[in-house]
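Trainee: Take a look at the following structure, please.
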Amino acid sequence: MPELPEVEVVRRGLQSSAVGRRITDLEILDARTLRRHGQGPQDFIEQVTGACIDSAQRRGKYLWLPMKTGSGEGTAMVVHLGMSGQMLVSRSDIPDQRHLRCRFVLDDGADELRFVDQRIFGGLYMDRLIAVDDAPGETIPSTIVHIGRDPLDRLFSLDEVFAQTQRRRTEIKRILLDQSVAAGIGNIYADEALWRAGLHFATPVNSMSRDEVTAIYAAAHEVMTEALDQGGTSFDSLYVNVNGESGYFARSLNVYGRAGENCRRCNSTIVRSAFMNRSSHYCPVCQPIP
DNA sequence: CCCGGCTCTTGGGCGC
DNA sequence: TGCGCCCAAGAGCCGG
């Protein structure tokens, strides 16, 4: 389940293995992957064929590859991995992976960039880049301007996040997962950050002090940085880097996926309960219900 | 504007 | 052995 650390691992892989290369041909094996590309598959093919990959950028869980295309500058291929998306750079003679949705032939054809996605929650589309208000020279795809800066971004503003928590009337986990407040946090790192900060997921945000809001986002920053250092969290083969390798952070998780096991801080039994139509994992002693 | 619920999607796992 | 159901999850969308 790629969240910020996993997407950043993929971005770094693309930075070293795909940036600077030209897409000389491509094949779309499942057009559903282009759901958000409004002009259809043929338009996508026309835009991408012959384009050179200029860089690999990320905000939160969104990746994009700015490209020089025939039609003009200021466009990028936006990539969202969803639950099960993978961007793989591999030699062309390696057989197609199961669930291969799109193939980009690089340069002379010896290598390919492959988008593999079992559940088709992820997707690819072309978008125009527009200027960012708060940073001169920085651009972002037009469709994701509503996505907030993430905790690892040098311009991340805790003041703005705290202001949001003051005026919203909802629970802290909804805010953690709201990508317009702070991007990149998904279900796994939300649960892990809440455990580290000692807060229950249903804590009303407008009741939280400045210190508590600071603590929860510091915890999110900390756990995501540690996960990035371990190559991300992999439970199975669904999340891998561009070389198809898994990360090792799953063994360091304290609550996610540990229902029925003991809390590493106080030895109580970890609980799993439903919230927002998904699972939340917490320690009932370290994170008392408000 | 804000809130919260619905929807899309595949395949592994489990009960009968 | 096989069928059917549940679950995993991000984020756009829409009704209240």
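Each chain of the structure tokens is named A, B, ... in the order shown, its residues numbered from 1; ligands are numbered from 1 in display order.
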Please provide as a compact mmCIF listing (two decimals) with all heavy atoms, in the first residue's frame all residues within 10 Å of Glu222 in chain A, with the sequence filter that same-chain residues fewer than 6 positions apart are discarded (counting only C-alpha atoms (C1' of nucleotides)).

Mentor:
```txt
# COMPACT_ATOMS: atom_id res chain seq x y z
N PRO A 151 4.57 16.33 5.00
CA PRO A 151 5.43 16.63 6.16
C PRO A 151 6.92 16.62 5.85
O PRO A 151 7.70 17.19 6.61
CB PRO A 151 5.07 15.51 7.16
CG PRO A 151 3.68 15.13 6.81
CD PRO A 151 3.62 15.25 5.31
N LEU A 152 7.33 16.00 4.75
CA LEU A 152 8.75 16.00 4.40
C LEU A 152 9.13 17.17 3.48
O LEU A 152 10.29 17.33 3.12
CB LEU A 152 9.13 14.66 3.72
CG LEU A 152 9.56 13.53 4.65
CD1 LEU A 152 8.52 13.20 5.70
CD2 LEU A 152 9.91 12.28 3.85
N ALA A 193 1.47 6.81 13.49
CA ALA A 193 1.73 8.14 14.06
C ALA A 193 0.86 8.36 15.30
O ALA A 193 1.32 8.91 16.31
CB ALA A 193 1.47 9.21 13.01
N ARG A 196 2.40 6.54 18.21
CA ARG A 196 3.60 7.23 18.70
C ARG A 196 3.23 8.48 19.51
O ARG A 196 3.90 8.79 20.49
CB ARG A 196 4.51 7.61 17.53
CG ARG A 196 5.19 6.41 16.89
CD ARG A 196 6.22 6.81 15.86
NE ARG A 196 6.76 5.62 15.20
CZ ARG A 196 8.02 5.48 14.79
NH1 ARG A 196 8.88 6.47 14.95
NH2 ARG A 196 8.42 4.37 14.21
N ILE A 216 1.53 15.02 16.82
CA ILE A 216 1.05 14.01 15.87
C ILE A 216 1.72 14.17 14.50
O ILE A 216 2.08 13.18 13.87
CB ILE A 216 -0.51 14.01 15.77
CG1 ILE A 216 -0.99 12.89 14.87
CG2 ILE A 216 -1.07 15.32 15.27
CD1 ILE A 216 -0.69 11.52 15.39
N LEU A 228 11.15 5.28 5.09
CA LEU A 228 11.90 5.59 3.86
C LEU A 228 13.32 5.02 3.95
O LEU A 228 13.83 4.43 2.99
CB LEU A 228 11.93 7.12 3.68
CG LEU A 228 12.67 7.68 2.48
CD1 LEU A 228 12.15 7.08 1.18
CD2 LEU A 228 12.51 9.20 2.45
```

Trainee: Could you pull the residues within 12 Å of DG4 in chain B, counting only C-alpha atoms (C1' of nucleotides), minus those fewer than 6 positions along the same chain, as a PyMOL selection string?

Mentor: (chain A and resi 169-171+174+275-277) or (chain C and resi 14-16)

Trainee: Taking only C-alpha atoms (C1' of nucleotides) into account, report as a list in words which residues of chain A lie within 8 Å of chain C.

Mentor: Met1, Gly82, Met83, Phe121, Asn187 and Arg278 of chain A

Trainee: Show me, as an MDAnalysis selection string, the residues of chain A whose atoms get within 7 Å of chain B, using only C-alpha atoms (C1' of nucleotides) for the distance check.

Mentor: chainID A and resid 118:121

Trainee: Quick check for you: according to DSSP on this backbone, which residues of range 7-174 of chain A are classed as strand (DSSP E or B)? Reply as a ChimeraX atom specification.

Mentor: /A:22-28,52-53,57-59,62-69,72-80,85-91,100-106,111-117,123-131,139-141,171

Trainee: Which is closest to Val213 in chain A among A:Glu160, A:Asp108, A:Glu261, A:Glu138, if we use only C-alpha atoms?

Mentor: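 Between A:Glu160, A:Asp108, A:Glu261, A:Glu138, the residue approaching Val213 in chain A most closely is A:Glu160.
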
Trainee: Compile the contact shell of Pro5 in chain A as an MDAnalysis selection string: residues with an atom at most 12 Å away, counting only C-alpha atoms (C1' of nucleotides), same-chain residues fewer than 3 positions apart removed.

Mentor: chainID A and resid 1:2 8:12 58:62 150:152 183:186 188:189 220:234 239:241 247:249

Trainee: Figure out the distance between CA of Asp111 in chain A and CA of Arg36 in chain A, please, to one decimal in Å.

Mentor: 26.5 Å

Trainee: Just the number, please: distance in Å from CA of Ser55 in chain A to CA of Val19 in chain A, one decimal.

Mentor: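 CA of Ser55 in chain A sits 5.3 Å away from CA of Val19 in chain A.
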